[in-house]
Amino acid sequence: MSLLSAHDIEKSYGAHRVLAGVTATISPGERVGVVGNNGSGKSTLVRVLARVDAPDVGVVMQRRGSRIGYLPQLPELDESLTALEAASRGLERWQTVRHEHELVSRRLDAEGAQLGAEARQQLLDRQAELAQQIELMGGWDQEHRANAILQQLHVYDVNARVGTMSGGERRRVALSALLVSEPDLLILDEPTNHLDTDSIDWLEQYLEDSFKGALLVITHDRYFLDRVVQRTWELNTGEVQSYQGGWEAYLTAKAEREALEARTESNRQNFLRTELEWLRRQPKARGTKQKARISRAEDAIGTAAPKMARAVQLEVGSSRQGSEVLVLEGLSVQRGERTLIRNLDLIVTPGQRIGVLGPNGSGKTSLFQTITQQVPPSAGVARLGKNTRIGYFAQTRTELDEALSVAENVAGKRTMLTLAGREISIYSYLERFLFRGEEIRKKVGVLSGGERARVALAKLLLSPANLLLLDEPTNDLDITTMGSLEEMLCEFRGSVMVVSHDRYFLDRVATSILAFEGDAKVGHYEGDYTSYSRLRAERARLAAGAARAEPAPAAPAPAEPAAARARPAKLSYKEARELAEIEQTILNAEAEVTRLEQELSDPGLYRRDAARAGQLNVELSAARERVSQLMDRWQELESKREAFEASR
């Protein structure tokens, strides 16, 4: 029996029909992902299924006694509560049952001896029933779970008031409350927005291993879809097409379906051409067989062609780059008393695409603001190349004026634009970003997050640039638009620095990763996100192994005579020879590191030979470790030599 079912659901807003006869079911424990372009009706569909909105036509049926938990894109929370209090609201059902169990237990203790046998047995039965419910809801000690889940979602100040929090923090608190409540069906609208990669990894693991209910999730995170969902719903032109499996299986099945539709349409067109030629050749008086053939032709004419999905067409004008694009030397950045970046050295080269990763609030946006001279560095320099022209895409979309229309934000009063040396009308240009007709006159203030992102991209890509700084460009974009953005960035001749928590996006785009690793430390690693993730996991494994293998402190050595302590040992013949040769060995090792870095910086390597790129990353890690070991050995030998010379 299904947990939730919808039959012939229709929903319209004015003359716009968003849902057109949707029929779908969700079974207990099933995991379903929802994909579709911005404006296709995904959020409308889940609001109807969550019983938040009523359909205009059709019916939604929910299994009796089941509970639905729903996370909208803009959750409403009591602003007077602390984060922990708000998250603990998810325990209300557990708290109610436990409170009743305590009341029954106290009554048995106080009055049990005076009660009649039947009344006492009723209380004992009720006590046992409540205890069983508590066990089914996770046990007797549940209050720590709210705090633990908040920490995993990086809400560290659990005593902060909700009213003081950012929109992203509020979403994480609301998500925590839902996870704590453990509903029978969890409906999530873009849960990975405002989560960093570590939090997304944790959420995926939690949904796989700990959450036992059914899941319906809207997300543009393609790795999330592949790891978590068992079935994918595609919403297009108000209808749902269901596919088994996650993102990869959905793409495969969709390609097969569209190929079949294309063949069917090609056959239909060939049939129409043949029949039309026959009709033109025949006399007016026709027999029964001729009439049947005419009827088949008319049916073919009346059959609609497959509906083609609209896709954003992205193109950016680039300007000539010099050999030096951007140089960061000893860069440190502070906000108030907090140091976000300490002593960062980075050289951005032509064609390089750097993915920027780190927890929320770690300093990624501040780095971009320092590069664009909005925030001064506390130490060091951020130097642009002579020919560097920056295109900056702000996370907050502050470059948009909400009181102006789409067209006015992008082009001002102009009706003709210049793009990559060609003249193009504002109407044709905005049609590439899926704005047509009256849509270009809409005020930006009434647009959805995805529509605002498309306006910001349209404005950014008009200006020639050879260094793009993109701060969370994938937030609110649908998967189709993200694919267009990925393709554009891979073909872009300039350099790119992009902040994103979308792992699939970074694997397709990034040639290296700039990672904010805590304590104001920022590391630069060649390769895509998967290469960086493997390297980080290996480092964590080695560190854990070293900690386990660390020997116990040795017993104090017997005190040496003062004369023995006073005279450092001389280098042995073998050590002296090693010291004489080690500098050249270090130079050779550093040259190998440089060679590997140059090969990995080739933007086309990851498309041509991903396996080779992975092997090169392993070799680069080993080469860097070799340089580090040689430097440590040189310092050890040089210190020994200097100590002996000083004692003579």
# chains A, B, ... in the order shown; residues from 1 in each chain; ligands from 1

call {"tool": "residues_around", "arguments": {"residues": "Pro191 (chain A)", "least_positions_apart": "2", "cutoff": "9 Å", "atoms": "only C-alpha atoms", "output": "list in words"}}
result
Leu71, Pro72, Gln73, Arg171, Arg172, Leu175, Leu188, Asp189, Asn193, His194, Leu195, Ile200, Val217, Ile218 and Thr219 of chain A

call {"tool": "residues_around", "arguments": {"residues": "Arg98 (chain A)", "least_positions_apart": "5", "cutoff": "9 Å", "atoms": "only C-alpha atoms", "output": "list in words"}}
result
Arg93, Leu103, Leu130, Ala131, Gln133, Ile134 and Trp140 of chain A

call {"tool": "select_by_dssp", "arguments": {"residues": "region 122-259 of chain A", "states": "alpha helix (DSSP H)", "output": "ChimeraX atom specification"}}
result
/A:122-136,143-152,167-181,197-209,222-228,247-259

call {"tool": "closest_residue", "arguments": {"among": "A:Thr511, A:Ser621, A:Thr388, A:Gln230", "to": "Arg536 (chain A)", "atoms": "only C-alpha atoms"}}
result
A:Ser621

call {"tool": "atom_distance", "arguments": {"atom1": "CA of Leu186 (chain A)", "atom2": "CA of Ala160 (chain A)"}}
result
26.1 Å

call {"tool": "residues_around", "arguments": {"residues": "region 3-16 of chain A", "least_positions_apart": "3", "cutoff": "7 Å", "atoms": "only C-alpha atoms", "output": "list of chain:residue names"}}
result
A:Leu19, A:Ala20, A:Gly21, A:Val22, A:Thr23, A:Ala24, A:Thr25, A:Ile26, A:Ser27, A:Pro28, A:Pro55, A:Asp56, A:Val57, A:Gly58, A:Val59, A:Val60, A:Met61, A:Gln62, A:Arg63

call {"tool": "closest_residue", "arguments": {"among": "A:Thr372, A:Ser210, A:Thr530, A:Ser80", "to": "Tyr223 (chain A)", "atoms": "only C-alpha atoms"}}
result
A:Thr530

call {"tool": "closest_residue", "arguments": {"among": "A:Thr339, A:Thr418, A:Gln127, A:Gln152", "to": "Glu100 (chain A)", "atoms": "only C-alpha atoms"}}
result
A:Gln127

call {"tool": "atom_distance", "arguments": {"atom1": "CA of Glu451 (chain A)", "atom2": "CA of Thr481 (chain A)"}}
result
10.7 Å

call {"tool": "atom_distance", "arguments": {"atom1": "CA of Val35 (chain A)", "atom2": "CA of Glu169 (chain A)"}}
result
24.7 Å

call {"tool": "closest_residue", "arguments": {"among": "A:Glu638, A:Asp528, A:Asp221, A:Glu208", "to": "Glu575 (chain A)", "atoms": "only C-alpha atoms"}}
result
A:Glu638

call {"tool": "residues_around", "arguments": {"residues": "region 427-429 of chain A", "least_positions_apart": "4", "cutoff": "12 Å", "atoms": "only C-alpha atoms", "output": "PyMOL selection string"}}
result
chain A and resi 312-316+406-408+410-411+414-419+422-423+433-441+454-455+457-459+461-462

call {"tool": "write_last_selection", "arguments": {"atoms": "N, CA and C atoms", "output": "compact mmCIF listing (two decimals), in the first residue's frame"}}
result
# COMPACT_ATOMS: atom_id res chain seq x y z
N VAL A 312 19.26 27.12 -21.55
CA VAL A 312 19.97 28.39 -21.57
C VAL A 312 21.19 28.27 -22.49
N GLN A 313 21.46 29.33 -23.27
CA GLN A 313 22.63 29.37 -24.14
C GLN A 313 23.59 30.42 -23.58
N LEU A 314 24.72 29.98 -23.04
CA LEU A 314 25.65 30.90 -22.39
C LEU A 314 26.88 31.11 -23.26
N GLU A 315 27.30 32.36 -23.33
CA GLU A 315 28.50 32.73 -24.08
C GLU A 315 29.07 33.97 -23.43
N VAL A 316 30.40 34.01 -23.28
CA VAL A 316 31.03 35.16 -22.66
C VAL A 316 32.11 35.69 -23.58
N VAL A 406 13.94 43.09 -15.84
CA VAL A 406 15.01 42.21 -16.30
C VAL A 406 15.86 42.91 -17.35
N ALA A 407 15.21 43.49 -18.37
CA ALA A 407 15.94 44.15 -19.46
C ALA A 407 16.75 45.34 -18.95
N GLU A 408 16.16 46.14 -18.06
CA GLU A 408 16.87 47.33 -17.55
C GLU A 408 18.07 46.93 -16.71
N VAL A 410 19.93 44.31 -17.16
CA VAL A 410 20.97 43.75 -18.03
C VAL A 410 21.55 44.81 -18.96
N ALA A 411 20.70 45.65 -19.54
CA ALA A 411 21.16 46.52 -20.62
C ALA A 411 20.85 47.99 -20.42
N ARG A 414 19.45 50.41 -23.39
CA ARG A 414 19.86 49.95 -24.72
C ARG A 414 18.92 48.87 -25.24
N THR A 415 18.71 48.88 -26.55
CA THR A 415 17.95 47.81 -27.19
C THR A 415 18.84 46.90 -28.03
N MET A 416 20.08 47.39 -28.35
CA MET A 416 21.06 46.59 -29.08
C MET A 416 22.30 46.43 -28.22
N LEU A 417 22.88 45.22 -28.24
CA LEU A 417 24.04 44.90 -27.43
C LEU A 417 25.15 44.37 -28.31
N THR A 418 26.38 44.42 -27.77
CA THR A 418 27.53 43.82 -28.45
C THR A 418 28.01 42.63 -27.63
N LEU A 419 28.03 41.45 -28.26
CA LEU A 419 28.46 40.23 -27.58
C LEU A 419 29.49 39.53 -28.46
N ARG A 422 29.72 40.83 -31.88
CA ARG A 422 28.53 40.80 -32.75
C ARG A 422 27.42 41.64 -32.13
N GLU A 423 26.61 42.27 -33.01
CA GLU A 423 25.45 43.03 -32.55
C GLU A 423 24.28 42.07 -32.34
N PHE A 433 18.53 33.26 -22.23
CA PHE A 433 18.43 32.99 -20.79
C PHE A 433 17.00 32.67 -20.39
N LEU A 434 16.19 32.27 -21.37
CA LEU A 434 14.81 31.80 -21.18
C LEU A 434 13.85 32.89 -20.74
N PHE A 435 14.15 34.15 -21.06
CA PHE A 435 13.21 35.25 -20.82
C PHE A 435 12.62 35.66 -22.17
N ARG A 436 11.29 35.53 -22.29
CA ARG A 436 10.62 35.81 -23.55
C ARG A 436 9.46 36.76 -23.35
N GLY A 437 9.16 37.51 -24.40
CA GLY A 437 7.97 38.36 -24.41
C GLY A 437 7.91 39.30 -23.20
N GLU A 438 6.78 39.23 -22.49
CA GLU A 438 6.56 40.11 -21.35
C GLU A 438 7.47 39.80 -20.17
N GLU A 439 8.10 38.62 -20.19
CA GLU A 439 8.96 38.24 -19.06
C GLU A 439 10.13 39.20 -18.89
N ILE A 440 10.61 39.80 -19.98
CA ILE A 440 11.77 40.68 -19.86
C ILE A 440 11.40 42.00 -19.19
N ARG A 441 10.10 42.29 -19.06
CA ARG A 441 9.66 43.53 -18.41
C ARG A 441 9.31 43.32 -16.93
N ARG A 454 19.75 33.79 -13.35
CA ARG A 454 19.90 33.91 -14.80
C ARG A 454 20.07 35.36 -15.23
N VAL A 455 19.37 36.29 -14.55
CA VAL A 455 19.53 37.72 -14.86
C VAL A 455 20.96 38.15 -14.54
N LEU A 457 23.65 36.33 -14.42
CA LEU A 457 24.56 35.76 -15.42
C LEU A 457 24.49 36.53 -16.73
N ALA A 458 23.29 36.88 -17.15
CA ALA A 458 23.12 37.64 -18.39
C ALA A 458 23.86 38.97 -18.31
N LYS A 459 23.80 39.61 -17.17
CA LYS A 459 24.47 40.90 -16.99
C LYS A 459 25.99 40.71 -16.97
N LEU A 461 27.87 38.30 -18.28
CA LEU A 461 28.50 37.78 -19.49
C LEU A 461 28.52 38.79 -20.64
N LEU A 462 27.89 39.94 -20.45
CA LEU A 462 27.95 40.99 -21.48
C LEU A 462 29.31 41.68 -21.51

call {"tool": "closest_residue", "arguments": {"among": "A:Leu346, A:Leu404, A:Met482, A:Leu514", "to": "Val446 (chain A)", "atoms": "only C-alpha atoms"}}
result
A:Leu404

call {"tool": "closest_residue", "arguments": {"among": "A:Ser362, A:Thr585, A:Ser448, A:Val52", "to": "Met631 (chain A)", "atoms": "only C-alpha atoms"}}
result
A:Thr585

call {"tool": "select_by_dssp", "arguments": {"residues": "region 55-185 of chain A", "states": "strand (DSSP E)", "output": "list of chain:residue names"}}
result
A:Val57, A:Gly58, A:Val59, A:Val60, A:Met61, A:Gln62, A:Ile68, A:Gly69, A:Tyr70, A:Leu71, A:Leu185

call {"tool": "residues_around", "arguments": {"residues": "His154 (chain A)", "least_positions_apart": "6", "cutoff": "10 Å", "atoms": "only C-alpha atoms", "output": "VMD selection string"}}
result
chain A and resid 148 169 172 to 173 195 to 196 198 to 199 359 to 360

call {"tool": "residues_around", "arguments": {"residues": "Val496 (chain A)", "least_positions_apart": "3", "cutoff": "12 Å", "atoms": "only C-alpha atoms", "output": "ChimeraX atom specification"}}
result
/A:318,325-326,348-356,368,388-393,465-471,486,488-493,499,506,509-514,603
